[in-house]
file protein00.cif (mmCIF, C-alpha atoms)
data_input
#
loop_
_atom_site.label_atom_id
_atom_site.label_comp_id
_atom_site.auth_asym_id
_atom_site.auth_seq_id
_atom_site.Cartn_x
_atom_site.Cartn_y
_atom_site.Cartn_z
CA MET A 1 0.00 0.00 0.00
CA ASP A 2 1.25 3.43 -0.90
CA TYR A 3 0.06 5.75 1.85
CA LYS A 4 1.30 8.83 -0.01
CA LYS A 5 -1.52 8.18 -2.48
CA TYR A 6 -4.03 8.15 0.39
CA ALA A 7 -2.49 11.32 1.80
CA LYS A 8 -2.83 13.09 -1.57
CA GLU A 9 -6.47 12.02 -1.83
CA LEU A 10 -7.13 13.22 1.71
CA LEU A 11 -5.62 16.62 0.94
CA CYS A 12 -7.59 16.87 -2.31
CA ARG A 13 -10.82 16.31 -0.38
CA LYS A 14 -10.12 19.03 2.21
CA LYS A 15 -12.29 21.73 0.59
CA ASN A 16 -15.15 19.29 0.13
CA LEU A 17 -14.84 18.10 3.71
CA VAL A 18 -15.01 21.66 5.06
CA SER A 19 -18.12 22.45 3.04
CA ALA A 20 -19.66 19.08 3.93
CA LEU A 21 -19.15 19.76 7.64
CA SER A 22 -20.96 23.06 7.30
CA ALA A 23 -23.83 21.45 5.37
CA ILE A 24 -24.12 18.55 7.81
CA ASN A 25 -24.21 20.91 10.80
CA ALA A 26 -26.99 22.92 9.13
CA GLU A 27 -28.90 19.71 8.34
CA LEU A 28 -28.51 18.51 11.92
CA GLU A 29 -29.81 21.80 13.27
CA SER A 30 -32.78 21.62 10.91
CA LEU A 31 -33.57 18.06 11.99
CA GLU A 32 -33.36 19.00 15.68
CA ASN A 33 -35.79 21.86 15.04
CA GLU A 34 -38.10 19.50 13.17
CA LYS A 35 -37.97 17.05 16.07
CA CYS A 36 -38.94 19.82 18.52
CA ALA A 37 -41.76 20.94 16.23
CA CYS A 38 -43.00 17.38 15.93
CA LYS A 39 -43.03 16.95 19.73
CA SER A 40 -44.91 20.19 20.32
CA SER A 41 -47.37 19.26 17.58
CA ALA A 42 -47.96 15.90 19.25
CA CYS A 43 -48.62 17.59 22.60
CA ARG A 44 -51.41 19.63 21.03
CA ARG A 45 -52.99 16.53 19.47
CA ALA A 46 -52.56 14.05 22.30
CA GLY A 47 -54.95 11.46 20.88
CA GLU A 48 -53.31 10.85 17.46
CA ASP A 49 -50.30 8.69 18.30
CA GLY A 50 -49.69 6.67 15.10
CA ASP A 51 -48.63 9.54 12.84
CA TYR A 52 -46.39 11.03 15.50
CA THR A 53 -44.54 7.79 16.22
CA GLY A 54 -43.62 7.13 12.60
CA ARG A 55 -42.58 10.70 12.02
CA ILE A 56 -40.41 10.94 15.16
CA ILE A 57 -38.74 7.60 14.33
CA ASN A 58 -37.81 8.90 10.87
CA ILE A 59 -36.46 12.15 12.30
CA VAL A 60 -34.41 10.40 15.00
CA SER A 61 -33.05 7.98 12.40
CA SER A 62 -32.04 10.89 10.17
CA ILE A 63 -30.38 12.64 13.11
CA GLU A 64 -28.31 9.56 13.93
CA ASP A 65 -27.28 9.20 10.28
CA CYS A 66 -26.32 12.85 10.20
CA ARG A 67 -24.22 12.51 13.37
CA LEU A 68 -22.42 9.50 11.94
CA ARG A 69 -21.59 11.37 8.72
CA ARG A 70 -20.41 14.36 10.75
CA SER A 71 -18.08 12.18 12.84
CA VAL A 72 -16.51 10.72 9.67
CA VAL A 73 -15.95 14.19 8.19
CA GLU A 74 -14.57 15.55 11.48
CA ARG A 75 -12.21 12.58 11.77
CA GLU A 76 -10.76 13.24 8.31
CA LEU A 77 -10.42 16.98 8.98
CA THR A 78 -8.66 16.19 12.27
CA MET A 79 -6.27 13.90 10.39
CA ILE A 80 -5.44 16.77 8.02
CA GLU A 81 -4.93 19.21 10.90
CA LYS A 82 -2.63 16.83 12.75
CA GLY A 83 -0.66 16.08 9.60
CA MET A 84 -0.20 19.78 8.87
CA SER A 85 0.69 20.70 12.46
CA GLY A 86 4.23 19.32 12.22
CA LEU A 87 5.09 21.10 8.97
CA SER A 88 6.74 24.43 8.38
CA ASP A 89 4.78 27.29 6.82
CA TYR A 90 6.59 26.68 3.54
CA GLN A 91 5.65 23.00 3.54
CA LYS A 92 2.03 23.79 4.44
CA ASP A 93 1.91 26.28 1.58
CA LEU A 94 3.27 23.67 -0.82
CA LEU A 95 0.70 21.06 0.15
CA GLU A 96 -2.17 23.57 0.20
CA ARG A 97 -1.38 24.91 -3.26
CA PHE A 98 -0.47 21.63 -4.96
CA PHE A 99 -3.10 19.32 -3.49
CA VAL A 100 -5.88 21.33 -1.83
CA GLU A 101 -6.27 24.30 -4.15
CA ARG A 102 -4.74 22.55 -7.18
CA ASP A 103 -3.84 25.84 -8.83
CA THR A 104 -2.65 25.89 -12.39
CA ARG A 105 0.91 27.13 -12.63
CA VAL A 106 1.37 26.55 -8.90
CA ALA A 107 5.06 25.72 -9.31
CA ASP A 108 5.69 29.11 -10.95
CA ALA A 109 3.91 30.93 -8.14
CA ILE A 110 5.88 29.05 -5.49
CA MET A 111 9.14 29.67 -7.36
CA GLU A 112 8.49 33.42 -7.42
CA ARG A 113 7.31 33.63 -3.83
CA TYR A 114 10.13 31.62 -2.25
CA TYR A 115 12.88 32.29 -4.82
CA LYS A 116 13.43 28.60 -5.57
CA GLU A 117 14.14 26.60 -8.68
CA ARG A 118 11.44 24.34 -10.13
CA SER A 119 13.32 21.17 -9.21
CA SER A 120 13.68 22.39 -5.61
CA VAL A 121 9.97 23.15 -5.41
CA TYR A 122 9.02 19.65 -6.54
CA ARG A 123 11.62 18.03 -4.28
CA ASP A 124 10.34 20.07 -1.32
CA ARG A 125 6.75 19.17 -2.22
CA ASN A 126 7.62 15.47 -2.14
CA ARG A 127 9.38 15.84 1.22
CA ALA A 128 6.42 17.76 2.66
CA LEU A 129 4.04 15.06 1.40
CA GLU A 130 6.21 12.36 2.99
CA GLU A 131 6.25 14.18 6.34
CA PHE A 132 2.49 14.74 6.15
CA THR A 133 1.94 11.06 5.32
CA ARG A 134 4.10 9.91 8.24
CA SER A 135 2.24 12.25 10.58
CA VAL A 136 -1.15 10.97 9.48
CA TYR A 137 -0.54 7.28 8.75
CA GLY A 138 2.77 6.55 10.48
CA VAL A 139 4.30 4.92 7.39
CA LEU A 140 4.84 5.65 3.72
CA GLN A 141 4.39 2.13 2.35
CA LEU A 142 3.59 -1.37 3.48
#

call {"tool": "encode", "arguments": {"input": "protein00.cif", "output": "structure tokens"}}
result
Amino acid sequence: MDYKKYAKELLCRKKNLVSALSAINAELESLENEKCACKSSACRRAGEDGDYTGRIINIVSSIEDCRLRRSVVERELTMIEKGMSGLSDYQKDLLERFFVERDTRVADAIMERYYKERSSVYRDRNRALEEFTRSVYGVLQL
């Protein structure tokens, strides 16, 4: 197994994970509000139990699904944070630009900003990816 490949894929998903976390939190809040509305509605109509039970079961099931998805997204974002925490600002910038933002002409921008040659930029990118991979997965290959 090449864990550098998994690390690249994880970094490429970072933007999607951040937006997914925001969407999941909004969905969870909406479901919690719906659950409260359903309970207060049931209190007003105390005699009609069948409709309420099915509806509340569906809402609770959706809430649990939402919480599970949120925990998966948070786990991956935590992995990214921990992997980035041990890197220098230069290395973080390399990984962000090459894998997260995936800019076109990123090497040229890095070369100008840090006054480095193209070969140095790519060598540094590979080293940063290796350090990130070790921080996240503990190994580079099995």

call {"tool": "resolve_selection", "arguments": {"input": "protein00.cif", "expression": "the PyMOL selection byres ((chain A and resi 122-133) around 7)", "output": "MDAnalysis selection string"}}
result
chainID A and resid 3:4 7 83:84 91 94:95 118:121 134:140

call {"tool": "atom_distance", "arguments": {"input": "protein00.cif", "atom1": "CA of Cys38 (chain A)", "atom2": "CA of Tyr52 (chain A)"}}
result
7.2 Å

call {"tool": "atom_distance", "arguments": {"input": "protein00.cif", "atom1": "CA of Glu76 (chain A)", "atom2": "CA of Ser19 (chain A)"}}
result
12.9 Å

call {"tool": "residues_around", "arguments": {"input": "protein00.cif", "residues": "Ala26 (chain A)", "least_positions_apart": "5", "cutoff": "12 Å", "atoms": "only C-alpha atoms", "output": "list in words"}}
result
Ser19, Ala20, Leu21, Leu31, Glu32, Asn33, Ile63, Cys66, Arg67 and Arg70 of chain A

call {"tool": "closest_residue", "arguments": {"input": "protein00.cif", "among": "A:Asp108, A:Glu96, A:Asp103, A:Glu64", "to": "Ile80 (chain A)", "atoms": "all atoms listed in the file"}}
result
A:Glu96

call {"tool": "atom_distance", "arguments": {"input": "protein00.cif", "atom1": "CA of Ala37 (chain A)", "atom2": "CA of Ser22 (chain A)"}}
result
22.7 Å

call {"tool": "resolve_selection", "arguments": {"input": "protein00.cif", "expression": "the PyMOL selection byres ((chain A and resi 99) around 9)", "output": "MDAnalysis selection string"}}
result
chainID A and resid 8:13 94:98 100:103

call {"tool": "write_last_selection", "arguments": {"input": "protein00.cif", "atoms": "C-alpha atoms", "output": "tab-separated table (two decimals), in the frame of the given file"}}
result
chain	number	residue	atom	x	y	z
A	8	LYS	CA	-2.83	13.09	-1.57
A	9	GLU	CA	-6.47	12.02	-1.83
A	10	LEU	CA	-7.13	13.22	1.71
A	11	LEU	CA	-5.62	16.62	0.94
A	12	CYS	CA	-7.59	16.87	-2.31
A	13	ARG	CA	-10.82	16.31	-0.38
A	94	LEU	CA	3.27	23.67	-0.82
A	95	LEU	CA	0.70	21.06	0.15
A	96	GLU	CA	-2.17	23.57	0.20
A	97	ARG	CA	-1.38	24.91	-3.26
A	98	PHE	CA	-0.47	21.63	-4.96
A	100	VAL	CA	-5.88	21.33	-1.83
A	101	GLU	CA	-6.27	24.30	-4.15
A	102	ARG	CA	-4.74	22.55	-7.18
A	103	ASP	CA	-3.84	25.84	-8.83

call {"tool": "closest_residue", "arguments": {"input": "protein00.cif", "among": "A:Leu17, A:Gly54, A:Ile59, A:Ala107", "to": "Glu34 (chain A)", "atoms": "all atoms listed in the file"}}
result
A:Ile59

call {"tool": "decode", "arguments": {"input": "protein00.cif", "residues": "region 125-140 of chain A", "atoms": "all heavy atoms", "output": "compact mmCIF listing (two decimals), in the first residue's frame"}}
result
# COMPACT_ATOMS: atom_id res chain seq x y z
N ARG A 125 8.14 19.63 -2.26
CA ARG A 125 6.75 19.17 -2.22
C ARG A 125 6.71 17.68 -1.84
O ARG A 125 5.90 17.27 -1.00
CB ARG A 125 6.08 19.36 -3.58
CG ARG A 125 4.63 18.86 -3.58
CD ARG A 125 4.10 18.65 -4.95
NE ARG A 125 4.81 17.54 -5.60
CZ ARG A 125 4.51 17.07 -6.79
NH1 ARG A 125 3.53 17.61 -7.48
NH2 ARG A 125 5.18 16.08 -7.31
N ASN A 126 7.58 16.90 -2.45
CA ASN A 126 7.62 15.47 -2.14
C ASN A 126 8.02 15.21 -0.69
O ASN A 126 7.45 14.34 -0.03
CB ASN A 126 8.55 14.74 -3.10
CG ASN A 126 8.00 14.67 -4.50
OD1 ASN A 126 6.78 14.78 -4.71
ND2 ASN A 126 8.87 14.53 -5.49
N ARG A 127 8.98 15.98 -0.20
CA ARG A 127 9.38 15.84 1.22
C ARG A 127 8.24 16.22 2.15
O ARG A 127 7.99 15.55 3.16
CB ARG A 127 10.60 16.70 1.52
CG ARG A 127 11.88 16.14 1.01
CD ARG A 127 13.07 16.95 1.51
NE ARG A 127 14.23 16.66 0.71
CZ ARG A 127 15.04 17.57 0.18
NH1 ARG A 127 14.82 18.85 0.40
NH2 ARG A 127 16.07 17.21 -0.54
N ALA A 128 7.56 17.31 1.83
CA ALA A 128 6.42 17.76 2.66
C ALA A 128 5.32 16.70 2.66
O ALA A 128 4.72 16.41 3.70
CB ALA A 128 5.89 19.09 2.15
N LEU A 129 5.06 16.11 1.49
CA LEU A 129 4.04 15.06 1.40
C LEU A 129 4.45 13.84 2.22
O LEU A 129 3.62 13.23 2.90
CB LEU A 129 3.79 14.68 -0.06
CG LEU A 129 2.71 13.63 -0.27
CD1 LEU A 129 1.36 14.12 0.23
CD2 LEU A 129 2.63 13.26 -1.75
N GLU A 130 5.73 13.49 2.19
CA GLU A 130 6.21 12.36 2.99
C GLU A 130 6.04 12.63 4.48
O GLU A 130 5.60 11.76 5.23
CB GLU A 130 7.66 12.05 2.65
CG GLU A 130 7.85 11.38 1.31
CD GLU A 130 9.31 11.14 0.96
OE1 GLU A 130 10.19 11.39 1.82
OE2 GLU A 130 9.57 10.69 -0.17
N GLU A 131 6.40 13.83 4.92
CA GLU A 131 6.25 14.18 6.34
C GLU A 131 4.77 14.18 6.74
O GLU A 131 4.42 13.70 7.81
CB GLU A 131 6.88 15.53 6.63
CG GLU A 131 8.39 15.50 6.68
CD GLU A 131 8.99 16.82 7.12
OE1 GLU A 131 8.41 17.46 8.02
OE2 GLU A 131 10.03 17.20 6.56
N PHE A 132 3.93 14.73 5.89
CA PHE A 132 2.49 14.74 6.15
C PHE A 132 1.98 13.31 6.26
O PHE A 132 1.23 12.97 7.19
CB PHE A 132 1.76 15.50 5.04
CG PHE A 132 0.27 15.47 5.17
CD1 PHE A 132 -0.38 16.35 6.02
CD2 PHE A 132 -0.49 14.56 4.45
CE1 PHE A 132 -1.77 16.32 6.15
CE2 PHE A 132 -1.87 14.53 4.56
CZ PHE A 132 -2.51 15.42 5.42
N THR A 133 2.39 12.46 5.33
CA THR A 133 1.94 11.06 5.32
C THR A 133 2.38 10.34 6.58
O THR A 133 1.59 9.61 7.19
CB THR A 133 2.49 10.34 4.07
OG1 THR A 133 2.08 11.06 2.91
CG2 THR A 133 1.98 8.91 3.99
N ARG A 134 3.62 10.54 7.00
CA ARG A 134 4.10 9.91 8.24
C ARG A 134 3.32 10.42 9.45
O ARG A 134 3.04 9.65 10.37
CB ARG A 134 5.59 10.18 8.43
CG ARG A 134 6.46 9.27 7.62
CD ARG A 134 7.92 9.35 8.06
NE ARG A 134 8.75 8.62 7.14
CZ ARG A 134 9.46 9.19 6.17
NH1 ARG A 134 9.47 10.48 6.01
NH2 ARG A 134 10.18 8.43 5.37
N SER A 135 2.99 11.70 9.46
CA SER A 135 2.24 12.25 10.58
C SER A 135 0.82 11.70 10.67
O SER A 135 0.28 11.52 11.75
CB SER A 135 2.15 13.78 10.48
OG SER A 135 3.42 14.36 10.59
N VAL A 136 0.23 11.44 9.51
CA VAL A 136 -1.15 10.97 9.48
C VAL A 136 -1.24 9.45 9.61
O VAL A 136 -2.02 8.93 10.40
CB VAL A 136 -1.86 11.44 8.19
CG1 VAL A 136 -3.23 10.81 8.05
CG2 VAL A 136 -1.98 12.95 8.17
N TYR A 137 -0.43 8.72 8.83
CA TYR A 137 -0.54 7.28 8.75
C TYR A 137 0.58 6.52 9.46
O TYR A 137 0.48 5.31 9.65
CB TYR A 137 -0.61 6.82 7.29
CG TYR A 137 -1.83 7.35 6.58
CD1 TYR A 137 -1.70 8.35 5.61
CD2 TYR A 137 -3.09 6.87 6.86
CE1 TYR A 137 -2.82 8.85 4.95
CE2 TYR A 137 -4.22 7.36 6.21
CZ TYR A 137 -4.07 8.35 5.27
OH TYR A 137 -5.18 8.84 4.63
N GLY A 138 1.66 7.20 9.79
CA GLY A 138 2.77 6.55 10.48
C GLY A 138 3.79 5.90 9.56
O GLY A 138 4.92 5.69 9.96
N VAL A 139 3.41 5.58 8.35
CA VAL A 139 4.30 4.92 7.39
C VAL A 139 4.06 5.49 6.00
O VAL A 139 3.05 6.14 5.76
CB VAL A 139 4.08 3.39 7.34
CG1 VAL A 139 4.46 2.72 8.63
CG2 VAL A 139 2.64 3.06 6.97
N LEU A 140 5.02 5.23 5.10
CA LEU A 140 4.84 5.65 3.72
C LEU A 140 4.31 4.51 2.87
O LEU A 140 3.49 4.71 1.97
CB LEU A 140 6.16 6.15 3.13
CG LEU A 140 6.74 7.42 3.75
CD1 LEU A 140 8.08 7.75 3.13
CD2 LEU A 140 5.78 8.57 3.60
